[in-house]
Structure formats: C-alpha cells, structure tokens
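Okay, protein_9.tsv now, which holds TSV, C-alpha atoms:
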chain	number	residue	atom	x	y	z
A	294	MET	CA	-6.30	18.96	-2.39
A	295	VAL	CA	-5.35	19.38	-6.04
A	296	THR	CA	-7.58	22.07	-7.58
A	297	ASN	CA	-5.70	23.19	-10.70
A	298	VAL	CA	-7.33	21.66	-13.74
A	299	SER	CA	-5.93	22.21	-17.21
A	300	SER	CA	-8.11	23.19	-20.15
A	301	GLU	CA	-7.44	19.74	-21.59
A	302	SER	CA	-8.80	18.15	-18.40
A	303	LYS	CA	-11.87	20.37	-18.53
A	304	ASN	CA	-12.50	19.28	-22.09
A	305	LEU	CA	-12.07	15.66	-21.02
A	306	HIS	CA	-14.74	16.19	-18.38
A	307	ARG	CA	-17.09	16.85	-21.31
A	308	ASN	CA	-15.96	13.77	-23.18
A	309	PRO	CA	-19.20	11.86	-24.00
A	310	LEU	CA	-17.59	8.51	-23.16
A	311	LEU	CA	-16.38	9.70	-19.77
A	312	GLU	CA	-19.72	11.35	-19.03
A	313	GLY	CA	-21.47	8.13	-20.01
A	314	VAL	CA	-19.62	5.90	-17.57
A	315	ARG	CA	-19.69	8.56	-14.86
A	316	TRP	CA	-23.44	9.00	-15.31
A	317	SER	CA	-23.89	9.73	-11.61
A	318	GLU	CA	-22.21	13.13	-11.95
A	319	LYS	CA	-24.97	14.26	-14.31
A	320	TYR	CA	-27.66	13.21	-11.85
A	321	SER	CA	-25.78	14.13	-8.69
A	322	VAL	CA	-28.41	16.61	-7.43
A	323	GLN	CA	-31.28	14.18	-7.92
A	324	LEU	CA	-29.32	11.35	-6.30
A	325	SER	CA	-28.51	13.57	-3.32
A	326	VAL	CA	-32.18	14.45	-2.81
A	327	VAL	CA	-33.24	10.82	-2.79
A	328	TRP	CA	-30.26	9.67	-0.76
A	329	ASN	CA	-30.76	12.28	1.98
A	330	ILE	CA	-34.33	11.16	2.71
A	331	LEU	CA	-33.33	7.53	3.26
A	332	PRO	CA	-32.83	6.36	6.87
A	333	LYS	CA	-29.29	5.43	7.81
A	334	TYR	CA	-29.94	1.68	8.02
A	335	LEU	CA	-31.31	1.65	4.47
A	336	LYS	CA	-28.28	3.57	3.22
A	337	ASN	CA	-25.92	1.05	4.82
A	338	LEU	CA	-27.98	-1.87	3.49
A	339	PHE	CA	-28.00	-0.41	-0.01
A	340	ILE	CA	-24.21	0.09	-0.02
A	341	CYS	CA	-23.62	-3.49	1.19
A	342	VAL	CA	-25.98	-4.94	-1.41
A	343	ALA	CA	-24.44	-2.75	-4.14
A	344	ILE	CA	-20.91	-3.98	-3.37
A	345	LEU	CA	-22.09	-7.60	-3.10
A	346	LEU	CA	-23.90	-7.31	-6.44
A	347	PHE	CA	-20.86	-5.62	-7.99
A	348	ALA	CA	-18.64	-8.47	-6.79
A	349	THR	CA	-21.01	-11.21	-7.97
A	350	VAL	CA	-21.36	-9.80	-11.48
A	351	LEU	CA	-17.90	-8.25	-11.74
A	352	LYS	CA	-16.21	-10.86	-13.96
A	353	GLY	CA	-19.27	-12.58	-15.36
A	354	ASP	CA	-19.40	-15.06	-12.48
A	355	TRP	CA	-23.10	-14.35	-12.00
A	356	ILE	CA	-23.91	-16.51	-15.02
A	357	VAL	CA	-21.72	-19.37	-13.75
A	358	ILE	CA	-23.41	-19.18	-10.35
A	359	GLY	CA	-26.78	-19.16	-12.10
A	360	VAL	CA	-25.90	-22.33	-14.01
A	361	HIS	CA	-24.80	-24.10	-10.83
A	362	LEU	CA	-28.02	-23.06	-9.07
A	363	TRP	CA	-29.97	-24.48	-11.99
A	364	LYS	CA	-28.07	-27.75	-11.88
A	365	GLN	CA	-28.42	-27.93	-8.10
A	366	PHE	CA	-32.17	-27.35	-7.83
A	367	TRP	CA	-33.98	-27.50	-11.16
A	368	GLU	CA	-32.08	-29.42	-13.84
A	369	ARG	CA	-33.50	-32.86	-13.01
A	370	GLU	CA	-37.08	-31.60	-13.04
A	371	SER	CA	-36.42	-29.82	-16.34
A	372	GLN	CA	-35.01	-32.98	-17.92
A	373	LEU	CA	-37.99	-35.04	-16.80
A	374	ALA	CA	-40.44	-32.49	-18.14
A	375	SER	CA	-38.74	-32.05	-21.53
A	376	ASP	CA	-39.11	-34.28	-24.57
A	377	GLY	CA	-37.54	-34.43	-28.02
A	378	ASN	CA	-33.89	-34.33	-28.98
A	379	PRO	CA	-31.81	-31.15	-28.80
A	380	VAL	CA	-30.51	-29.62	-32.01
A	381	HIS	CA	-26.99	-30.86	-32.70
A	382	SER	CA	-24.20	-28.46	-33.70
A	383	ILE	CA	-20.43	-28.48	-33.99
A	384	LEU	CA	-20.19	-26.88	-30.54
A	385	THR	CA	-22.30	-29.68	-29.08
A	386	ASP	CA	-19.41	-32.10	-29.51
A	387	TYR	CA	-17.26	-29.88	-27.27
A	388	GLY	CA	-19.89	-29.28	-24.59
A	389	LEU	CA	-20.41	-25.70	-25.72
A	390	ASP	CA	-23.89	-25.79	-27.20
A	391	GLY	CA	-25.49	-22.33	-27.01
A	392	LEU	CA	-22.13	-20.66	-26.28
A	393	SER	CA	-23.03	-17.34	-27.91
A	394	TYR	CA	-25.99	-16.81	-25.58
A	395	PHE	CA	-23.82	-17.36	-22.53
A	396	ILE	CA	-21.09	-15.02	-23.72
A	397	VAL	CA	-23.48	-12.22	-24.67
A	398	SER	CA	-25.38	-12.56	-21.37
A	399	ALA	CA	-22.19	-12.63	-19.30
A	400	VAL	CA	-20.73	-9.56	-21.00
A	401	LEU	CA	-23.93	-7.48	-20.95
A	402	GLY	CA	-24.63	-8.34	-17.30
A	403	SER	CA	-21.09	-7.51	-16.27
A	404	TYR	CA	-21.11	-4.17	-18.08
A	405	LEU	CA	-24.52	-3.21	-16.72
A	406	ILE	CA	-23.43	-3.68	-13.11
A	407	TYR	CA	-19.90	-2.36	-13.68
A	408	PHE	CA	-21.19	1.00	-14.86
A	409	ALA	CA	-24.36	1.16	-12.74
A	410	ILE	CA	-22.93	0.16	-9.36
A	411	GLY	CA	-19.48	1.53	-10.16
A	412	GLY	CA	-21.12	4.83	-11.08
A	413	PHE	CA	-23.03	4.86	-7.80
A	414	ILE	CA	-19.89	4.17	-5.73
A	415	HIS	CA	-18.09	6.91	-7.68
A	416	TRP	CA	-20.92	9.32	-6.90
A	417	TYR	CA	-21.27	8.40	-3.25
A	418	PHE	CA	-17.63	9.03	-2.38
A	419	TYR	CA	-15.90	10.93	-5.16
A	420	ILE	CA	-18.70	13.44	-5.86
A	421	ASN	CA	-21.07	13.51	-2.91
A	422	ARG	CA	-18.28	13.55	-0.31
A	423	ARG	CA	-15.34	14.91	-2.28
A	424	ASP	CA	-15.08	18.00	-0.06
A	425	LYS	CA	-14.79	15.71	2.99
A	426	ALA	CA	-12.01	13.52	1.61
A	427	HIS	CA	-10.06	13.64	4.88
A	428	GLU	CA	-12.93	11.75	6.51
A	429	TRP	CA	-12.95	8.81	4.12
A	430	LYS	CA	-10.12	8.77	1.57
A	431	CYS	CA	-6.82	6.90	2.08
A	432	GLN	CA	-4.95	9.58	0.10
A	433	PRO	CA	-7.18	12.63	0.68
A	434	GLU	CA	-4.89	15.13	-1.05
A	435	LYS	CA	-4.70	13.22	-4.32
A	436	PHE	CA	-7.30	12.21	-6.90
A	437	LEU	CA	-6.89	10.61	-10.29
A	438	SER	CA	-6.96	13.14	-13.10
A	439	PRO	CA	-9.91	12.97	-15.54
A	440	GLU	CA	-7.50	11.51	-18.09
A	441	LEU	CA	-6.54	8.66	-15.77
A	442	GLU	CA	-10.16	8.09	-14.74
A	443	LEU	CA	-11.09	7.57	-18.37
A	444	HIS	CA	-7.99	5.40	-18.86
A	445	GLU	CA	-8.79	3.10	-15.94
A	446	ILE	CA	-12.42	2.73	-17.03
A	447	LEU	CA	-11.44	1.85	-20.60
A	448	VAL	CA	-8.76	-0.62	-19.46
A	449	GLY	CA	-11.10	-2.04	-16.82
A	450	ALA	CA	-13.92	-2.45	-19.33
A	451	SER	CA	-11.57	-4.16	-21.81
A	452	SER	CA	-10.33	-6.66	-19.23
A	453	LEU	CA	-13.88	-7.14	-18.02
A	454	LEU	CA	-14.87	-8.15	-21.55
A	455	ILE	CA	-12.15	-10.82	-21.61
A	456	VAL	CA	-12.92	-12.41	-18.24
A	457	SER	CA	-16.68	-12.24	-18.88
A	458	ILE	CA	-16.16	-14.21	-22.09
A	459	LEU	CA	-14.15	-16.75	-20.06
A	460	SER	CA	-17.01	-16.97	-17.55
A	461	GLY	CA	-19.43	-17.48	-20.43
A	462	PHE	CA	-17.34	-20.46	-21.60
A	463	VAL	CA	-17.24	-21.97	-18.09
A	464	ALA	CA	-21.00	-21.50	-17.58
A	465	CYS	CA	-21.85	-23.01	-20.98
A	466	TYR	CA	-19.49	-25.95	-20.50
A	467	ALA	CA	-20.85	-26.67	-17.02
A	468	LEU	CA	-24.46	-26.63	-18.21
A	469	ASN	CA	-23.63	-29.00	-21.06
A	470	GLY	CA	-22.23	-31.68	-18.80
A	471	GLY	CA	-18.85	-30.22	-17.94
A	472	LYS	CA	-16.76	-33.31	-18.69
A	473	GLY	CA	-13.47	-32.83	-16.90
A	474	LEU	CA	-14.88	-30.50	-14.26
A	475	THR	CA	-14.65	-31.85	-10.73
A	476	ILE	CA	-17.60	-29.82	-9.44
A	477	TYR	CA	-20.33	-31.82	-7.68
A	478	TYR	CA	-23.86	-30.93	-6.54
A	479	GLY	CA	-24.86	-33.36	-3.81
A	480	TRP	CA	-24.44	-31.43	-0.58
A	481	ASN	CA	-22.93	-34.38	1.33
A	482	GLU	CA	-21.68	-36.37	-1.66
A	483	TYR	CA	-18.15	-36.34	-0.22
A	484	GLY	CA	-19.21	-35.91	3.38
A	485	TRP	CA	-20.18	-32.87	5.40
A	486	LEU	CA	-16.69	-32.51	6.86
A	487	TRP	CA	-15.13	-32.03	3.42
A	488	PHE	CA	-17.97	-29.69	2.46
A	489	ALA	CA	-17.19	-27.49	5.47
A	490	LEU	CA	-13.40	-27.69	5.03
A	491	GLN	CA	-13.69	-26.55	1.41
A	492	PHE	CA	-14.40	-22.98	2.48
A	493	VAL	CA	-11.04	-22.81	4.25
A	494	ALA	CA	-9.11	-24.87	1.70
A	495	ILE	CA	-10.35	-22.89	-1.30
A	496	PHE	CA	-9.85	-19.57	0.47
A	497	VAL	CA	-6.26	-20.38	1.45
A	498	TYR	CA	-5.45	-21.81	-1.98
A	499	GLN	CA	-6.86	-18.85	-3.91
A	500	ASP	CA	-5.34	-16.22	-1.67
A	501	TYR	CA	-1.90	-17.79	-1.39
A	502	THR	CA	-1.59	-18.45	-5.13
A	503	THR	CA	-2.87	-14.94	-5.84
A	504	TYR	CA	-0.20	-13.57	-3.50
A	505	TRP	CA	2.51	-15.35	-5.49
A	506	VAL	CA	1.05	-14.55	-8.90
A	507	HIS	CA	0.84	-10.92	-7.87
A	508	ARG	CA	4.34	-10.92	-6.43
A	509	ILE	CA	5.79	-12.60	-9.52
A	510	PHE	CA	4.17	-9.98	-11.73
A	511	HIS	CA	6.16	-7.45	-9.68
A	512	TRP	CA	9.45	-8.94	-10.87
A	513	PRO	CA	11.16	-6.31	-13.05
A	514	TRP	CA	10.48	-7.71	-16.55
A	515	LEU	CA	6.91	-8.83	-15.84
A	516	TYR	CA	6.16	-5.62	-14.01
A	517	ARG	CA	7.39	-3.33	-16.77
A	518	ASN	CA	5.66	-5.30	-19.54
A	519	PHE	CA	2.39	-6.25	-17.85
A	520	HIS	CA	1.60	-5.24	-14.27
A	521	LYS	CA	2.79	-1.65	-14.58
A	522	LEU	CA	-0.45	-0.90	-16.43
A	523	HIS	CA	-2.44	-1.59	-13.24
A	524	HIS	CA	-0.11	0.67	-11.27
A	525	THR	CA	-0.88	3.59	-13.55
A	526	TYR	CA	-3.51	4.36	-10.91
A	527	LYS	CA	-1.58	5.48	-7.87
A	528	GLN	CA	-4.84	6.55	-6.24
A	529	PRO	CA	-7.04	3.56	-7.15
A	530	THR	CA	-10.83	3.63	-7.35
A	531	ALA	CA	-13.43	0.86	-7.58
A	532	PHE	CA	-13.06	0.98	-11.38
A	533	SER	CA	-9.40	-0.05	-10.96
A	534	VAL	CA	-10.27	-3.53	-9.77
A	535	THR	CA	-10.36	-4.97	-13.31
A	536	ALA	CA	-7.98	-2.44	-14.89
A	537	SER	CA	-5.16	-4.88	-15.55
A	538	HIS	CA	-3.25	-6.17	-18.58
A	539	PRO	CA	-5.20	-8.92	-20.41
A	540	VAL	CA	-2.33	-11.41	-20.01
A	541	GLU	CA	-2.24	-10.88	-16.26
A	542	ILE	CA	-5.98	-10.98	-15.64
A	543	ILE	CA	-6.43	-14.14	-17.74
A	544	PHE	CA	-3.52	-15.90	-16.02
A	545	THR	CA	-4.83	-14.94	-12.57
A	546	GLN	CA	-8.33	-16.09	-13.45
A	547	LEU	CA	-7.09	-19.47	-14.74
A	548	VAL	CA	-5.04	-20.07	-11.58
A	549	MET	CA	-8.13	-19.31	-9.52
A	550	LEU	CA	-10.14	-21.94	-11.47
A	551	VAL	CA	-7.62	-24.78	-10.99
A	552	PRO	CA	-9.59	-26.45	-8.13
A	553	ILE	CA	-12.67	-27.05	-10.31
A	554	VAL	CA	-10.65	-29.33	-12.61
A	555	THR	CA	-8.41	-31.06	-10.05
A	556	VAL	CA	-10.27	-31.98	-6.84
A	557	PRO	CA	-13.93	-32.68	-5.92
A	558	ILE	CA	-15.38	-29.25	-5.20
A	559	HIS	CA	-18.95	-28.28	-4.43
A	560	TRP	CA	-19.84	-25.18	-6.40
A	561	ALA	CA	-21.30	-23.30	-3.41
A	562	PRO	CA	-18.15	-23.06	-1.22
A	563	PHE	CA	-16.08	-22.25	-4.30
A	564	TYR	CA	-18.18	-19.29	-5.39
A	565	VAL	CA	-18.83	-18.03	-1.88
A	566	VAL	CA	-15.06	-17.64	-1.55
A	567	VAL	CA	-14.84	-16.07	-5.03
A	568	VAL	CA	-17.50	-13.46	-4.23
A	569	TYR	CA	-15.88	-12.73	-0.85
A	570	ALA	CA	-12.53	-12.16	-2.57
A	571	TYR	CA	-14.11	-9.92	-5.21
A	572	CYS	CA	-15.92	-7.86	-2.54
A	573	HIS	CA	-12.64	-7.11	-0.83
A	574	GLY	CA	-10.97	-6.55	-4.18
A	575	ILE	CA	-13.48	-3.76	-4.80
A	576	LEU	CA	-13.00	-2.33	-1.31
A	577	GLY	CA	-9.22	-2.63	-1.52
A	578	HIS	CA	-9.16	-0.60	-4.73
A	579	SER	CA	-11.83	1.90	-3.69
A	580	GLY	CA	-9.43	4.34	-2.05
A	581	VAL	CA	-11.88	4.50	0.87
A	582	ASN	CA	-10.63	3.78	4.39
A	583	PHE	CA	-12.81	0.75	5.10
A	584	LYS	CA	-11.83	-1.31	8.14
A	585	SER	CA	-12.17	-5.07	8.39
A	586	PHE	CA	-14.68	-6.46	10.91
A	587	TRP	CA	-13.80	-8.06	14.25
A	588	TRP	CA	-14.52	-11.53	12.80
A	589	GLN	CA	-11.92	-11.03	10.04
A	590	PRO	CA	-8.57	-11.10	11.89
A	591	TRP	CA	-6.89	-12.23	8.65
A	592	GLN	CA	-8.29	-9.42	6.50
A	593	PRO	CA	-6.23	-6.22	6.09
A	594	ASP	CA	-7.90	-2.83	6.07
A	595	THR	CA	-8.24	-0.96	2.77
A	596	ILE	CA	-5.14	1.14	3.50
A	597	PHE	CA	-3.05	-2.05	3.15
A	598	HIS	CA	-3.64	-2.35	-0.60
A	599	ASP	CA	-3.82	1.41	-1.03
A	600	ASN	CA	-0.24	1.44	0.31
A	601	HIS	CA	0.61	-1.09	-2.38
A	602	HIS	CA	-0.55	1.29	-5.11
A	603	GLN	CA	1.13	4.27	-3.49
A	604	TYR	CA	4.48	2.53	-2.89
A	605	PHE	CA	4.33	-0.17	-5.62
A	606	HIS	CA	6.50	-3.13	-4.51
A	607	VAL	CA	5.19	-4.01	-1.06
A	608	ASN	CA	2.06	-5.56	0.56
A	609	PHE	CA	1.35	-8.12	-2.16
A	610	GLY	CA	-1.41	-9.98	-0.30
A	611	PHE	CA	-5.13	-9.43	-0.73
A	612	ASN	CA	-7.31	-11.17	1.84
A	613	ILE	CA	-4.67	-12.61	4.18
A	614	TYR	CA	-1.92	-10.19	5.11
A	615	TYR	CA	0.00	-12.91	6.97
A	616	TRP	CA	1.56	-13.99	3.67
A	617	ASP	CA	3.44	-10.69	3.55
A	618	ILE	CA	4.56	-11.04	7.14
A	619	LEU	CA	5.67	-14.63	6.46
A	620	HIS	CA	7.69	-13.70	3.37
A	621	GLY	CA	9.05	-10.34	4.58
A	622	THR	CA	7.09	-8.18	2.12
A	623	TYR	CA	4.91	-6.46	4.73
A	624	ARG	CA	5.51	-2.71	4.87
A	625	GLN	CA	7.93	-1.57	7.58
A	626	LYS	CA	8.29	1.91	9.00
A	627	ASP	CA	12.09	1.97	8.71
A	628	ARG	CA	12.07	0.93	5.05
A	629	VAL	CA	11.66	3.05	1.92
A	630	TYR	CA	9.59	1.74	-1.00
A	631	SER	CA	9.22	3.08	-4.52
A	632	GLU	CA	8.57	1.94	-8.08
A	633	SER	CA	12.30	1.54	-8.69
A	634	ILE	CA	12.90	-0.65	-5.60
A	635	PHE	CA	11.79	-4.19	-6.46
A	636	TYR	CA	11.15	-7.49	-4.60
A	637	GLY	CA	9.10	-6.16	-1.69
A	638	GLN	CA	11.93	-5.65	0.78
A	639	GLY	CA	12.41	-1.91	0.29
A	640	LYS	CA	15.58	-0.19	1.47
A	641	GLY	CA	16.67	1.05	4.87
A	642	LEU	CA	16.48	4.76	5.67
A	643	ASP	CA	20.26	4.85	5.65
A	644	GLU	CA	20.49	3.07	2.28
A	645	VAL	CA	18.84	5.77	0.21
A	646	SER	CA	19.83	9.30	-0.73
A	647	GLU	CA	18.41	12.30	1.04
A	648	LYS	CA	16.41	13.13	-2.08
A	649	VAL	CA	14.76	9.71	-2.13
A	650	LEU	CA	14.04	9.89	1.59
A	651	LEU	CA	12.44	13.33	1.28
A	652	SER	CA	10.28	12.05	-1.57
A	653	ASP	CA	9.25	9.13	0.63
A	654	MET	CA	8.38	11.49	3.49
A	655	ILE	CA	6.14	13.50	1.18
A	656	GLU	CA	4.30	10.32	0.22
A	657	ARG	CA	3.86	9.36	3.86
A	658	ASN	CA	2.39	12.76	4.63
A	659	LEU	CA	-0.23	12.18	1.92
A	660	GLU	CA	-1.62	9.20	3.80
A	661	ASN	CA	-4.73	9.67	5.92
A	662	PRO	CA	-4.09	8.81	9.59
A	663	GLN	CA	-7.78	7.96	9.94
A	664	ALA	CA	-7.27	5.07	7.52
A	665	TYR	CA	-5.26	3.31	10.25
A	666	ARG	CA	-6.60	1.77	13.43
A	667	ASN	CA	-7.12	4.33	16.21
A	668	SER	CA	-6.23	7.05	13.63
A	669	PHE	CA	-2.55	6.38	14.32
A	670	HIS	CA	-0.29	6.80	11.30
A	671	ARG	CA	2.17	4.04	12.12
A	672	TYR	CA	4.52	4.84	9.23
A	673	LYS	CA	4.99	8.57	9.69
A	674	LEU	CA	8.60	9.53	10.31
A	675	ASP	CA	9.28	11.74	13.33
A	676	GLU	CA	12.32	13.81	14.38
A	677	HIS	CA	13.90	10.78	16.05
A	678	ASP	CA	13.75	8.82	12.80
A	679	MET	CA	15.30	11.67	10.87
A	680	ALA	CA	18.03	12.13	13.48
A	681	LYS	CA	18.86	8.43	13.14
A	682	PHE	CA	19.09	8.86	9.36
A	683	VAL	CA	21.50	11.82	9.74
A	684	VAL	CA	23.70	9.95	12.24
A	685	ASN	CA	23.86	6.80	10.08
A	686	ASN	CA	24.76	8.81	6.98
A	687	LYS	CA	27.53	10.62	8.84
A	688	VAL	CA	28.92	7.27	9.98
A	689	LYS	CA	28.82	5.94	6.39
A	690	THR	CA	30.44	9.11	5.09
A	691	ASN	CA	33.25	8.93	7.63
Just give me the structure as structure tokens.
Amino acid sequence: MVTNVSSESKNLHRNPLLEGVRWSEKYSVQLSVVWNILPKYLKNLFICVAILLFATVLKGDWIVIGVHLWKQFWERESQLASDGNPVHSILTDYGLDGLSYFIVSAVLGSYLIYFAIGGFIHWYFYINRRDKAHEWKCQPEKFLSPELELHEILVGASSLLIVSILSGFVACYALNGGKGLTIYYGWNEYGWLWFALQFVAIFVYQDYTTYWVHRIFHWPWLYRNFHKLHHTYKQPTAFSVTASHPVEIIFTQLVMLVPIVTVPIHWAPFYVVVVYAYCHGILGHSGVNFKSFWWQPWQPDTIFHDNHHQYFHVNFGFNIYYWDILHGTYRQKDRVYSESIFYGQGKGLDEVSEKVLLSDMIERNLENPQAYRNSFHRYKLDEHDMAKFVVNNKVKTN
C-alpha cells in the first residue's frame, strides 16, 4: 500500500473544499460508534438504500420521476380541484413554465445526495476499512492521491450540475404537457405485453448504445480531447461516476433519452431501467469488489469496469458484458492493454517489447484475486506464459 505522502498532499488534506466534500473523515469516530452497534441486516439494508438513493438522485432524475408520479396518480385530481387561470409567461409558450424552480430543485437535490451518500460510501470503505483493502478493493495497493480525489469531486460536481439542469428541463417540460414526448401514463394503454417488453427493450437499447458511445469516445482523437479526463482516475471511486467531460456526459445523456421522443414509452419501465443502470454505474466505479447476483447472468462484476480504468481501452460495456464478447473487446489473458493501445483489441504477448510486458505484469499483480469469482485471478501470467513469450520472441528474432 502506498504510504508516502508529500507535504503538498498533506496540505491538500486540510483544504477546506476537500474536507467539506469528505465530511465523513471528520466524523469518522462518531460514525464508527453508531455503525458498530447496528445489527448486520440493518447495515446491509442501509447500504442498499444509500446506493439506490444515490442512483435515483445522481443526475437529477429524482425530480423527473417525481413529475411522472404526479402525472400518474395526482394530476387529474389537482386539475379538478384548482380554479383560475395560470400566470402566463414567455416560458409558458415553450412548455417551460416554472423552469427555474425545477432547475434549482434538481441541482440542490443532486448535490445533497452526491455529497451525503458519496461521503458515506467514501467513509465506509476508504476510511473505515482502508487497512483491510485486500478484503474489498479491486486494486488494494493503489489509492487515488488527495489531489486526484479533489479533482474527481470537482469534475464530478461540475458534470452533475450540467445533467441536473438537463433533468430540470425534462421535468418542467413533462409537467407542462410535454408536447413531443412519447411518454404515456395509462398502465395498459398500449397493452400489457408491450408494457412488460419495455423493460427488456429499453435496457438493451440503453446498454448497447452506451457501449458504442463509450467505445467511440475511446477512438484516439475523441479519447485525447474528451474521454481521457474520465480516465484520470485509474483507481476509480463512487465520485468518479459523473467525473466526465461535459461534452461526453451531455451526449451520453441525450442518447439515453431518445426513446421518450420516438416510441410510446411508459415512464415507469424507462426510469426503472435508468435507476438500475445508475446503481451499477456507482458500483462499477466504486473500486469495491462487488459481485453480481445469481439472477443477473448478464451483469459483470465490479472488477470488469475496474479493469477498464486500469487498462484503458478494453471492456467497454456496462451492464451487459456480452457486447464486448460479441465485438472482440472483452479482456483476454494473452493480450496486453494500455493507454497507448487503442480499439479494444490489445496486443499479443509476442507483439510487445519486454519493457511493455513487464509493465503489464506489474499492473496484473496489483489486481485483487478476491475480486474474481472463486478468488481466481484469471489474468495473472505464470511461468508457462512467460516461457511462451521468450520462445516467440526468439523465433521472431531469428
């Protein structure tokens, strides 16, 4: 574990901004006292609820979900009970009456949960269990420096502001009639079969398009100018989930929203899928070796996306790892991956120099075997692999 901390890093630890967002460090002792008296089932329940709440509020979607709940259950009664004409404004003509309230609410709600729940997750793993990193961390020997922690929080908060404003627009527009939106509210308005199929259709659409958007942003020019910012965090944390370039996060968010303006979609299946994806986005960036459940055969374990941050151009999928298998971008043991090797295919062991291979071996040794199923590090190179490399290089040389 890295223990040498420069004087600059120590000073950064005392940075008021960093201390503010990492509030849980200041109250670590008190949190530990309360946490230790809770029964195990309450601890597990609290963590699940915290992650679910984090995902729901993460990009301001909580206010959109709230609007759809209102329109589903209470709007008609409210209209019948109200009288008088609403105040007309310029924004009324564009279906954005009351926009400022929605934007302010979306942003404040997102920030409150981002720092509150994010701070708790940071405390629970990165402070409370830091000395036991080999039990839970995907890369137990490496932690982000204080400088990078502050950097990811600032970038994440900036991107969060942008997408929360977008959510405020969507919520306001939907409440004001949403002309052009294809969202409906009658449970069986298009039949129960379509209602049920939407969960699958939306999930596959969002995940497959996200795979390609993500992969395209790994093309050399787009990567260097936009996506590289997100890969500043080689050991990602939960705060990394929104720490992306504004252009990328806006584009990704708009692609995700395409179904609500193109096909009849009930709001409930759409946002159930969104929250599910966000939950696993948080877990995937947490750096913690969470495993998917038995009922999620499509869902990769956390180490899958942690590998992506550690090796850069590989494992582009999020919630369905089959896309990477289908397109040949799934990590392979006999391939070497690095930030300078693009397109997700890597290079063979015999295609790289000894220096590059040794660097790759060091990275592999930093991975936690416990992050893999049955604690088996499937990518670790053994003597046989190295002997094969030596033989192949001799053949090439001759």
Report task. Mind checking which residues fall within 10 Å of Leu453 (chain A), counting only C-alpha atoms, ignoring those fewer than 5 positions away in the same chain, and posting them as a PyMOL selection string? Result -> chain A and resi 351-353+400+403-404+407+447-448+458-459+534-537+539+542
Per residue of region 454-531 of chain A within 12 Å of region 565-573 of chain A, which atom pair is closest and at what distance in Å (one decimal), using only C-alpha atoms, listed by chain and increasing number, as JSON lines?
{"residue": "A:Gln491", "atom": "CA", "partner": "A:Val566", "partner_atom": "CA", "distance": 9.5}
{"residue": "A:Phe492", "atom": "CA", "partner": "A:Val566", "partner_atom": "CA", "distance": 6.7}
{"residue": "A:Val493", "atom": "CA", "partner": "A:Val566", "partner_atom": "CA", "distance": 8.7}
{"residue": "A:Ala494", "atom": "CA", "partner": "A:Val566", "partner_atom": "CA", "distance": 9.9}
{"residue": "A:Ile495", "atom": "CA", "partner": "A:Val566", "partner_atom": "CA", "distance": 7.1}
{"residue": "A:Phe496", "atom": "CA", "partner": "A:Val566", "partner_atom": "CA", "distance": 5.9}
{"residue": "A:Val497", "atom": "CA", "partner": "A:Val566", "partner_atom": "CA", "distance": 9.7}
{"residue": "A:Tyr498", "atom": "CA", "partner": "A:Val566", "partner_atom": "CA", "distance": 10.5}
{"residue": "A:Gln499", "atom": "CA", "partner": "A:Val567", "partner_atom": "CA", "distance": 8.5}
{"residue": "A:Asp500", "atom": "CA", "partner": "A:Ala570", "partner_atom": "CA", "distance": 8.3}
{"residue": "A:Thr503", "atom": "CA", "partner": "A:Ala570", "partner_atom": "CA", "distance": 10.6}
{"residue": "A:Ala531", "atom": "CA", "partner": "A:Cys572", "partner_atom": "CA", "distance": 10.4}
How about saving the chosen residues, C-alpha atoms kept, as an mmCIF file, in the frame of the given file?
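Written file, again-v5.cif:
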data_model
loop_
_atom_site.group_PDB
_atom_site.id
_atom_site.type_symbol
_atom_site.label_atom_id
_atom_site.label_comp_id
_atom_site.auth_asym_id
_atom_site.auth_seq_id
_atom_site.Cartn_x
_atom_site.Cartn_y
_atom_site.Cartn_z
ATOM 1 C CA GLN A 491 -13.690 -26.550 1.410
ATOM 2 C CA PHE A 492 -14.400 -22.980 2.480
ATOM 3 C CA VAL A 493 -11.040 -22.810 4.250
ATOM 4 C CA ALA A 494 -9.110 -24.870 1.700
ATOM 5 C CA ILE A 495 -10.350 -22.890 -1.300
ATOM 6 C CA PHE A 496 -9.850 -19.570 0.470
ATOM 7 C CA VAL A 497 -6.260 -20.380 1.450
ATOM 8 C CA TYR A 498 -5.450 -21.810 -1.980
ATOM 9 C CA GLN A 499 -6.860 -18.850 -3.910
ATOM 10 C CA ASP A 500 -5.340 -16.220 -1.670
ATOM 11 C CA THR A 503 -2.870 -14.940 -5.840
ATOM 12 C CA ALA A 531 -13.430 0.860 -7.580
#
Coordinates of box centre and edge lengths for region 346-362 of chain A, 5 Å on every side, axis-aligned, as lines of an AutoDock Vina configuration file:
center_x = -22.1
center_y = -14.9
center_z = -10.9
size_x = 21.8
size_y = 28.5
size_z = 18.9
Query raised in the report: Can you tell me, as a PyMOL selection string, what residues are no more than 10 Å from Phe597 (chain A) when counting only C-alpha atoms, ignoring any on the same chain fewer than 5 positions away?
Result: chain A and resi 431+577+582+592+602+607-611+614+623-624+664-665
Prev. selection, C-alpha atoms, output as an mmCIF file, keeping the file's coordinate frame:
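Once written, out05.cif looks like this:
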data_model
loop_
_atom_site.group_PDB
_atom_site.id
_atom_site.type_symbol
_atom_site.label_atom_id
_atom_site.label_comp_id
_atom_site.auth_asym_id
_atom_site.auth_seq_id
_atom_site.Cartn_x
_atom_site.Cartn_y
_atom_site.Cartn_z
ATOM 1 C CA CYS A 431 -6.820 6.900 2.080
ATOM 2 C CA GLY A 577 -9.220 -2.630 -1.520
ATOM 3 C CA ASN A 582 -10.630 3.780 4.390
ATOM 4 C CA GLN A 592 -8.290 -9.420 6.500
ATOM 5 C CA HIS A 602 -0.550 1.290 -5.110
ATOM 6 C CA VAL A 607 5.190 -4.010 -1.060
ATOM 7 C CA ASN A 608 2.060 -5.560 0.560
ATOM 8 C CA PHE A 609 1.350 -8.120 -2.160
ATOM 9 C CA GLY A 610 -1.410 -9.980 -0.300
ATOM 10 C CA PHE A 611 -5.130 -9.430 -0.730
ATOM 11 C CA TYR A 614 -1.920 -10.190 5.110
ATOM 12 C CA TYR A 623 4.910 -6.460 4.730
ATOM 13 C CA ARG A 624 5.510 -2.710 4.870
ATOM 14 C CA ALA A 664 -7.270 5.070 7.520
ATOM 15 C CA TYR A 665 -5.260 3.310 10.250
#
Query raised in the report: Looking at A:Lys521, A:Lys527, A:Arg666, A:His511, which one is nearest to Ile634 (chain A), with distances taken over only C-alpha atoms?
Result: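 For Ile634 (chain A), the nearest of the given residues is A:His511.
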